[in-house]
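Next up, run15.cif (mmCIF, C-alpha atoms, pLDDT in the B column; chains and numbers go by the auth columns):
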```cif
data_model
#
loop_
_atom_site.group_PDB
_atom_site.id
_atom_site.type_symbol
_atom_site.label_atom_id
_atom_site.label_comp_id
_atom_site.label_asym_id
_atom_site.label_seq_id
_atom_site.Cartn_x
_atom_site.Cartn_y
_atom_site.Cartn_z
_atom_site.B_iso_or_equiv
_atom_site.auth_seq_id
_atom_site.auth_asym_id
ATOM 1 C CA ASP A 1 -23.047 -3.115 15.448 97.00 759 A
ATOM 2 C CA ILE A 2 -23.217 -3.814 11.723 98.00 760 A
ATOM 3 C CA GLN A 3 -22.879 -7.525 10.979 98.00 761 A
ATOM 4 C CA MET A 4 -21.112 -8.514 7.782 98.00 762 A
ATOM 5 C CA THR A 5 -22.025 -11.922 6.371 98.00 763 A
ATOM 6 C CA GLN A 6 -19.851 -13.467 3.693 98.00 764 A
ATOM 7 C CA SER A 7 -20.704 -16.418 1.507 98.00 765 A
ATOM 8 C CA PRO A 8 -19.512 -18.944 0.838 98.00 766 A
ATOM 9 C CA SER A 9 -17.141 -19.522 3.755 98.00 767 A
ATOM 10 C CA SER A 10 -14.931 -21.560 1.455 98.00 768 A
ATOM 11 C CA LEU A 11 -14.755 -22.552 -2.182 98.00 769 A
ATOM 12 C CA SER A 12 -12.628 -24.614 -4.485 98.00 770 A
ATOM 13 C CA ALA A 13 -11.891 -23.500 -8.037 97.00 771 A
ATOM 14 C CA SER A 14 -9.529 -24.161 -10.931 97.00 772 A
ATOM 15 C CA VAL A 15 -7.025 -21.862 -12.573 97.00 773 A
ATOM 16 C CA GLY A 16 -8.867 -19.579 -14.948 97.00 774 A
ATOM 17 C CA ASP A 17 -12.219 -19.915 -13.197 98.00 775 A
ATOM 18 C CA ARG A 18 -14.375 -16.962 -12.306 98.00 776 A
ATOM 19 C CA VAL A 19 -14.747 -16.731 -8.544 98.00 777 A
ATOM 20 C CA THR A 20 -17.574 -14.831 -6.880 98.00 778 A
ATOM 21 C CA ILE A 21 -17.854 -13.935 -3.200 98.00 779 A
ATOM 22 C CA ALA A 22 -20.861 -12.246 -1.649 98.00 780 A
ATOM 23 C CA CYS A 23 -20.937 -9.940 1.353 98.00 781 A
ATOM 24 C CA GLN A 24 -24.117 -8.755 3.001 98.00 782 A
ATOM 25 C CA ALA A 25 -24.383 -5.995 5.588 98.00 783 A
ATOM 26 C CA SER A 26 -27.019 -6.063 8.311 98.00 784 A
ATOM 27 C CA GLN A 27 -27.965 -2.491 7.428 98.00 785 A
ATOM 28 C CA ASP A 28 -27.373 0.031 4.654 98.00 786 A
ATOM 29 C CA ILE A 29 -23.690 0.965 4.475 97.00 787 A
ATOM 30 C CA SER A 30 -23.866 2.869 1.180 96.00 788 A
ATOM 31 C CA ASN A 31 -20.593 2.033 -0.602 95.00 789 A
ATOM 32 C CA TYR A 32 -18.422 2.099 2.537 96.00 790 A
ATOM 33 C CA LEU A 33 -16.929 -1.324 1.965 97.00 791 A
ATOM 34 C CA SER A 34 -13.424 -2.677 1.465 97.00 792 A
ATOM 35 C CA TRP A 35 -12.110 -6.080 0.417 98.00 793 A
ATOM 36 C CA TYR A 36 -8.869 -7.608 1.696 98.00 794 A
ATOM 37 C CA GLN A 37 -6.814 -10.619 0.694 98.00 795 A
ATOM 38 C CA GLN A 38 -4.893 -12.587 3.302 98.00 796 A
ATOM 39 C CA LYS A 39 -2.440 -15.331 2.453 98.00 797 A
ATOM 40 C CA PRO A 40 -1.497 -17.878 5.147 95.00 798 A
ATOM 41 C CA GLY A 41 0.860 -16.435 7.730 95.00 799 A
ATOM 42 C CA LYS A 42 0.758 -12.988 6.152 97.00 800 A
ATOM 43 C CA ALA A 43 -0.895 -9.676 6.894 98.00 801 A
ATOM 44 C CA PRO A 44 -4.034 -8.743 4.982 98.00 802 A
ATOM 45 C CA LYS A 45 -3.671 -6.698 1.807 98.00 803 A
ATOM 46 C CA LEU A 46 -6.149 -4.076 0.647 98.00 804 A
ATOM 47 C CA LEU A 47 -7.648 -4.865 -2.757 98.00 805 A
ATOM 48 C CA ILE A 48 -10.750 -2.710 -3.099 98.00 806 A
ATOM 49 C CA TYR A 49 -12.274 0.222 -1.212 96.00 807 A
ATOM 50 C CA GLY A 50 -15.421 2.240 -1.736 95.00 808 A
ATOM 51 C CA ALA A 51 -17.033 -1.038 -2.862 97.00 809 A
ATOM 52 C CA SER A 52 -15.570 -0.834 -6.361 97.00 810 A
ATOM 53 C CA ASN A 53 -12.335 1.176 -6.339 96.00 811 A
ATOM 54 C CA LEU A 54 -9.265 -0.876 -7.106 97.00 812 A
ATOM 55 C CA GLU A 55 -6.330 -0.061 -4.858 96.00 813 A
ATOM 56 C CA THR A 56 -3.208 1.062 -6.696 95.00 814 A
ATOM 57 C CA GLY A 57 -1.145 -1.847 -7.959 97.00 815 A
ATOM 58 C CA VAL A 58 -3.882 -4.457 -7.597 98.00 816 A
ATOM 59 C CA PRO A 59 -4.482 -6.562 -10.738 98.00 817 A
ATOM 60 C CA SER A 60 -7.573 -5.745 -12.750 98.00 818 A
ATOM 61 C CA ARG A 61 -8.890 -9.312 -12.506 98.00 819 A
ATOM 62 C CA PHE A 62 -10.185 -8.281 -9.071 98.00 820 A
ATOM 63 C CA THR A 63 -13.432 -6.317 -9.103 98.00 821 A
ATOM 64 C CA GLY A 64 -16.020 -5.238 -6.571 98.00 822 A
ATOM 65 C CA SER A 65 -19.552 -3.998 -6.893 98.00 823 A
ATOM 66 C CA GLY A 66 -22.665 -3.260 -4.897 98.00 824 A
ATOM 67 C CA SER A 67 -24.117 -0.695 -2.563 98.00 825 A
ATOM 68 C CA GLY A 68 -26.517 -0.578 0.334 98.00 826 A
ATOM 69 C CA THR A 69 -26.497 -4.030 1.895 98.00 827 A
ATOM 70 C CA ASP A 70 -25.359 -6.372 -0.893 98.00 828 A
ATOM 71 C CA PHE A 71 -21.865 -6.536 -2.347 98.00 829 A
ATOM 72 C CA ILE A 72 -20.007 -8.812 -4.725 98.00 830 A
ATOM 73 C CA PHE A 73 -16.287 -9.496 -5.126 98.00 831 A
ATOM 74 C CA ILE A 74 -15.118 -11.215 -8.308 98.00 832 A
ATOM 75 C CA ILE A 75 -11.848 -12.729 -9.443 98.00 833 A
ATOM 76 C CA SER A 76 -12.373 -12.911 -13.191 98.00 834 A
ATOM 77 C CA SER A 77 -9.727 -15.551 -13.873 98.00 835 A
ATOM 78 C CA LEU A 78 -8.307 -17.318 -10.825 98.00 836 A
ATOM 79 C CA GLN A 79 -4.520 -17.492 -10.674 97.00 837 A
ATOM 80 C CA PRO A 80 -2.435 -19.739 -8.394 97.00 838 A
ATOM 81 C CA GLU A 81 -1.248 -16.704 -6.432 97.00 839 A
ATOM 82 C CA ASP A 82 -4.877 -15.825 -5.586 98.00 840 A
ATOM 83 C CA ILE A 83 -5.150 -18.739 -3.161 97.00 841 A
ATOM 84 C CA ALA A 84 -5.968 -16.925 0.057 98.00 842 A
ATOM 85 C CA SER A 85 -8.753 -15.858 2.377 98.00 843 A
ATOM 86 C CA TYR A 86 -10.790 -12.819 1.442 98.00 844 A
ATOM 87 C CA TYR A 87 -12.550 -10.472 3.853 98.00 845 A
ATOM 88 C CA CYS A 88 -15.043 -7.685 3.391 98.00 846 A
ATOM 89 C CA GLN A 89 -15.078 -4.799 5.870 98.00 847 A
ATOM 90 C CA GLN A 90 -17.543 -1.974 6.416 97.00 848 A
ATOM 91 C CA TYR A 91 -16.540 1.505 7.469 96.00 849 A
ATOM 92 C CA ASP A 92 -19.933 3.164 7.564 95.00 850 A
ATOM 93 C CA ASN A 93 -20.290 2.904 11.332 94.00 851 A
ATOM 94 C CA LEU A 94 -18.201 2.208 14.383 95.00 852 A
ATOM 95 C CA PRO A 95 -17.222 -0.361 15.363 97.00 853 A
ATOM 96 C CA LEU A 96 -15.599 -1.165 12.039 96.00 854 A
ATOM 97 C CA THR A 97 -16.496 -4.763 11.286 98.00 855 A
ATOM 98 C CA PHE A 98 -15.243 -7.521 9.010 98.00 856 A
ATOM 99 C CA GLY A 99 -16.993 -10.414 7.393 98.00 857 A
ATOM 100 C CA GLY A 100 -16.097 -13.902 8.517 98.00 858 A
ATOM 101 C CA GLY A 101 -13.928 -14.538 5.495 98.00 859 A
ATOM 102 C CA THR A 102 -13.966 -16.744 2.421 98.00 860 A
ATOM 103 C CA LYS A 103 -11.179 -19.253 1.921 98.00 861 A
ATOM 104 C CA VAL A 104 -10.376 -19.804 -1.745 98.00 862 A
ATOM 105 C CA GLU A 105 -8.628 -23.087 -2.524 97.00 863 A
ATOM 106 C CA MET A 106 -7.378 -24.592 -5.731 94.00 864 A
ATOM 107 C CA LYS A 107 -9.287 -27.529 -7.137 92.00 865 A
ATOM 108 C CA GLN B 1 8.264 2.587 0.840 96.00 99 B
ATOM 109 C CA VAL B 2 5.779 2.316 3.675 97.00 100 B
ATOM 110 C CA HIS B 3 6.913 0.034 6.458 98.00 101 B
ATOM 111 C CA LEU B 4 5.136 -0.863 9.699 98.00 102 B
ATOM 112 C CA VAL B 5 6.841 -3.045 12.286 98.00 103 B
ATOM 113 C CA GLU B 6 5.041 -4.234 15.404 98.00 104 B
ATOM 114 C CA SER B 7 6.777 -5.400 18.560 98.00 105 B
ATOM 115 C CA GLY B 8 5.994 -6.133 22.182 98.00 106 B
ATOM 116 C CA GLY B 9 3.920 -9.282 21.878 98.00 107 B
ATOM 117 C CA GLY B 10 4.461 -12.316 24.036 98.00 108 B
ATOM 118 C CA LEU B 11 3.037 -14.634 26.668 98.00 109 B
ATOM 119 C CA VAL B 12 1.217 -12.998 29.565 98.00 110 B
ATOM 120 C CA LYS B 13 -0.970 -14.343 32.357 98.00 111 B
ATOM 121 C CA PRO B 14 -4.654 -13.462 32.597 98.00 112 B
ATOM 122 C CA GLY B 15 -5.017 -10.094 34.290 98.00 113 B
ATOM 123 C CA GLY B 16 -1.575 -9.023 33.138 98.00 114 B
ATOM 124 C CA SER B 17 -0.474 -6.143 30.937 98.00 115 B
ATOM 125 C CA LEU B 18 1.447 -5.702 27.734 98.00 116 B
ATOM 126 C CA ARG B 19 2.412 -2.725 25.592 98.00 117 B
ATOM 127 C CA LEU B 20 2.571 -3.125 21.844 98.00 118 B
ATOM 128 C CA SER B 21 4.528 -0.760 19.631 98.00 119 B
ATOM 129 C CA CYS B 22 4.401 -0.097 15.916 98.00 120 B
ATOM 130 C CA ALA B 23 7.316 1.682 14.258 98.00 121 B
ATOM 131 C CA ALA B 24 6.374 3.470 11.060 98.00 122 B
ATOM 132 C CA SER B 25 8.601 4.586 8.209 98.00 123 B
ATOM 133 C CA GLY B 26 8.386 5.601 4.572 98.00 124 B
ATOM 134 C CA PHE B 27 5.600 8.157 4.969 97.00 125 B
ATOM 135 C CA THR B 28 4.694 11.246 6.978 97.00 126 B
ATOM 136 C CA PHE B 29 3.343 9.491 10.053 98.00 127 B
ATOM 137 C CA SER B 30 1.735 12.595 11.524 97.00 128 B
ATOM 138 C CA ASP B 31 -0.529 12.946 8.464 96.00 129 B
ATOM 139 C CA TYR B 32 -2.337 9.631 8.940 96.00 130 B
ATOM 140 C CA TYR B 33 -4.868 7.993 11.216 96.00 131 B
ATOM 141 C CA MET B 34 -3.620 4.650 12.505 97.00 132 B
ATOM 142 C CA SER B 35 -5.367 1.548 13.749 98.00 133 B
ATOM 143 C CA TRP B 36 -4.914 -1.742 15.565 98.00 134 B
ATOM 144 C CA ILE B 37 -6.628 -4.855 14.208 98.00 135 B
ATOM 145 C CA ARG B 38 -6.349 -8.340 15.675 98.00 136 B
ATOM 146 C CA GLN B 39 -6.840 -11.907 14.564 98.00 137 B
ATOM 147 C CA ALA B 40 -7.349 -14.768 16.983 98.00 138 B
ATOM 148 C CA PRO B 41 -5.676 -18.043 15.942 97.00 139 B
ATOM 149 C CA GLY B 42 -7.558 -19.565 13.035 96.00 140 B
ATOM 150 C CA LYS B 43 -10.221 -16.855 13.162 97.00 141 B
ATOM 151 C CA GLY B 44 -11.195 -13.738 11.245 97.00 142 B
ATOM 152 C CA LEU B 45 -10.189 -10.126 11.589 98.00 143 B
ATOM 153 C CA GLU B 46 -11.408 -7.838 14.367 98.00 144 B
ATOM 154 C CA TRP B 47 -10.875 -4.087 14.444 98.00 145 B
ATOM 155 C CA VAL B 48 -9.662 -2.996 17.886 98.00 146 B
ATOM 156 C CA SER B 49 -9.020 0.744 17.863 98.00 147 B
ATOM 157 C CA TYR B 50 -8.048 3.750 15.822 95.00 148 B
ATOM 158 C CA ILE B 51 -6.457 7.100 16.560 97.00 149 B
ATOM 159 C CA SER B 52 -6.523 10.285 14.536 96.00 150 B
ATOM 160 C CA SER B 53 -3.402 11.921 13.184 95.00 151 B
ATOM 161 C CA SER B 54 -3.340 14.395 16.090 95.00 152 B
ATOM 162 C CA GLY B 55 -4.196 11.761 18.672 96.00 153 B
ATOM 163 C CA LEU B 56 -7.305 13.637 19.760 96.00 154 B
ATOM 164 C CA ASN B 57 -9.895 11.366 18.152 95.00 155 B
ATOM 165 C CA ILE B 58 -9.844 7.812 19.485 97.00 156 B
ATOM 166 C CA HIS B 59 -12.270 4.907 19.263 97.00 157 B
ATOM 167 C CA TYR B 60 -12.329 1.318 20.523 98.00 158 B
ATOM 168 C CA VAL B 61 -14.351 -1.809 20.019 98.00 159 B
ATOM 169 C CA ASP B 62 -16.552 -2.364 23.076 98.00 160 B
ATOM 170 C CA SER B 63 -14.736 -5.524 24.173 98.00 161 B
ATOM 171 C CA VAL B 64 -11.525 -3.611 24.944 98.00 162 B
ATOM 172 C CA LYS B 65 -12.921 -0.320 26.230 98.00 163 B
ATOM 173 C CA GLY B 66 -11.529 0.537 29.649 98.00 164 B
ATOM 174 C CA ARG B 67 -8.737 -2.039 29.285 98.00 165 B
ATOM 175 C CA PHE B 68 -6.794 -0.977 26.189 98.00 166 B
ATOM 176 C CA THR B 69 -5.346 2.456 25.419 98.00 167 B
ATOM 177 C CA ILE B 70 -4.139 3.518 21.998 98.00 168 B
ATOM 178 C CA SER B 71 -1.622 6.334 21.702 98.00 169 B
ATOM 179 C CA ARG B 72 0.941 7.706 19.313 98.00 170 B
ATOM 180 C CA ASP B 73 4.157 9.715 19.338 98.00 171 B
ATOM 181 C CA ASN B 74 4.417 11.593 16.071 98.00 172 B
ATOM 182 C CA ALA B 75 7.953 12.725 16.893 98.00 173 B
ATOM 183 C CA LYS B 76 9.007 9.080 17.100 98.00 174 B
ATOM 184 C CA ASN B 77 6.801 7.846 14.233 98.00 175 B
ATOM 185 C CA SER B 78 5.341 5.298 16.600 98.00 176 B
ATOM 186 C CA LEU B 79 1.944 3.873 17.494 98.00 177 B
ATOM 187 C CA TYR B 80 1.226 2.097 20.758 98.00 178 B
ATOM 188 C CA LEU B 81 -1.388 -0.141 22.347 98.00 179 B
ATOM 189 C CA GLN B 82 -1.350 -0.472 26.109 98.00 180 B
ATOM 190 C CA MET B 83 -3.259 -3.594 27.060 98.00 181 B
ATOM 191 C CA ASN B 84 -4.307 -4.111 30.673 98.00 182 B
ATOM 192 C CA SER B 85 -6.473 -6.709 32.414 98.00 183 B
ATOM 193 C CA LEU B 86 -5.770 -9.134 29.621 98.00 184 B
ATOM 194 C CA ARG B 87 -8.081 -12.082 29.086 98.00 185 B
ATOM 195 C CA ALA B 88 -7.701 -15.379 27.273 98.00 186 B
ATOM 196 C CA GLU B 89 -9.962 -14.062 24.534 98.00 187 B
ATOM 197 C CA ASP B 90 -7.455 -11.296 23.794 98.00 188 B
ATOM 198 C CA THR B 91 -5.072 -13.939 22.448 98.00 189 B
ATOM 199 C CA ALA B 92 -4.422 -12.939 18.844 98.00 190 B
ATOM 200 C CA VAL B 93 -1.993 -11.582 16.317 98.00 191 B
ATOM 201 C CA TYR B 94 -2.169 -7.804 16.577 98.00 192 B
ATOM 202 C CA TYR B 95 -1.608 -5.792 13.421 98.00 193 B
ATOM 203 C CA CYS B 96 -1.052 -2.097 13.149 98.00 194 B
ATOM 204 C CA ALA B 97 -2.456 -0.583 9.991 98.00 195 B
ATOM 205 C CA ARG B 98 -2.370 2.782 8.309 97.00 196 B
ATOM 206 C CA VAL B 99 -5.678 4.420 7.426 95.00 197 B
ATOM 207 C CA GLY B 100 -5.173 5.615 3.868 90.00 198 B
ATOM 208 C CA HIS B 101 -6.334 8.912 2.438 84.00 199 B
ATOM 209 C CA CYS B 102 -9.449 8.402 0.333 80.00 200 B
ATOM 210 C CA GLY B 103 -11.919 11.078 1.400 79.00 201 B
ATOM 211 C CA ASP B 104 -13.513 12.252 4.607 77.00 202 B
ATOM 212 C CA ASP B 105 -15.790 9.236 4.993 78.00 203 B
ATOM 213 C CA CYS B 106 -13.291 6.647 3.862 81.00 204 B
ATOM 214 C CA THR B 107 -11.435 4.275 6.167 85.00 205 B
ATOM 215 C CA LYS B 108 -9.249 1.990 4.143 93.00 206 B
ATOM 216 C CA PHE B 109 -6.421 0.086 5.798 97.00 207 B
ATOM 217 C CA ASP B 110 -3.901 0.468 3.021 96.00 208 B
ATOM 218 C CA TYR B 111 -0.736 -0.755 4.757 98.00 209 B
ATOM 219 C CA TRP B 112 -0.349 -3.380 7.476 98.00 210 B
ATOM 220 C CA GLY B 113 2.506 -4.533 9.622 98.00 211 B
ATOM 221 C CA GLN B 114 3.493 -8.194 9.879 98.00 212 B
ATOM 222 C CA GLY B 115 1.775 -8.550 13.235 98.00 213 B
ATOM 223 C CA THR B 116 2.835 -9.480 16.746 98.00 214 B
ATOM 224 C CA LEU B 117 1.398 -12.432 18.666 98.00 215 B
ATOM 225 C CA VAL B 118 -0.121 -11.894 22.085 98.00 216 B
ATOM 226 C CA THR B 119 -0.888 -15.045 24.062 98.00 217 B
ATOM 227 C CA VAL B 120 -2.853 -14.761 27.295 98.00 218 B
ATOM 228 C CA SER B 121 -2.580 -17.969 29.267 98.00 219 B
ATOM 229 C CA SER B 122 -1.764 -19.190 32.742 97.00 220 B
#
```
Would you encode the structure as structure tokens?
Amino acid sequence: DIQMTQSPSSLSASVGDRVTIACQASQDISNYLSWYQQKPGKAPKLLIYGASNLETGVPSRFTGSGSGTDFIFIISSLQPEDIASYYCQQYDNLPLTFGGGTKVEMK
Amino acid sequence: QVHLVESGGGLVKPGGSLRLSCAASGFTFSDYYMSWIRQAPGKGLEWVSYISSSGLNIHYVDSVKGRFTISRDNAKNSLYLQMNSLRAEDTAVYYCARVGHCGDDCTKFDYWGQGTLVTVSS
């Protein structure tokens, strides 16, 4: 199975800050990576697929990059509504696997 | 708009069975792969299973193989998960999710239901 390792597991930031989350795959997954946002008590929401493709309707302050084993997710200017957990997910191989998540809190 | 509504969760004893349903609306259900994904309390996300649009292509995570069965009824716009021999570690919120169209090698979960809680406890 492909292991997805996210870092950090949690972070605290202020409104307007740039937030960066890393995701590392245990083997090459090309660009077969998605990012999801999950607010407390809610279902996850797709933000990015194909490592860097923004899902329709998602604000442009969210970006993704990377290929192979190393990926980055950035919120360019943190907004109060971005407080959530974020998960990466690979779809290169079965079983589909998620990272452990990064909880973003407001400072 | 796309709408997915899960039902069928509840409290069940270890070794028991439960059948989850997911009612889909707002899109042509028969055109899309569908999936089940779960989340144990306070934990991360775990993919459980997916089924192709025709129902002929099915895959499971190893931990549920032989115990869970995914199926669909395209005439009823419904997805199902039959869960047998349930264990405490199957306790989770179970989400159904649509696999969006983004190319042959793309598996993006573009719409999710609100989830249904399954609790396995004596």
Notebook entry, point to check: Excluding same-chain residues fewer than 5 positions from Phe127 (chain B), what lies within 7 Å of it counting only C-alpha atoms, as JSON, numbers by chain?
Noted result: {"B": [122, 172, 175]}
Item checked: Who sits within 7 Å of Gly198 (chain B), only C-alpha atoms, same chain under 5 positions skipped, as a PyMOL selection string -> chain B and resi 205-208
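Nearest to Leu109 (chain B) of all the residues B:Leu184, B:Cys200, B:Val146, B:Cys194 is B:Leu184, counting all atoms listed in the file.
Those residues of chain A that fall within 6 Å of chain B when using only C-alpha atoms read A:Ala801, A:Leu804, A:Tyr849, A:Pro853, A:Gly858.
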Note to self: I need the output of the PyMOL selection byres ((chain A and resi 779-788) around 6) for this file as a list in words; which residues are they?
What the structure shows: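 This file gives the following for the PyMOL selection byres ((chain A and resi 779-788) around 6): Ile760, Gln761, Met762, Thr763, Gln764, Ser765, Thr778, Asn789, Tyr790, Ser825, Gly826, Thr827, Asp828, Phe829, Ile830, Phe831 and Asp850 of chain A.
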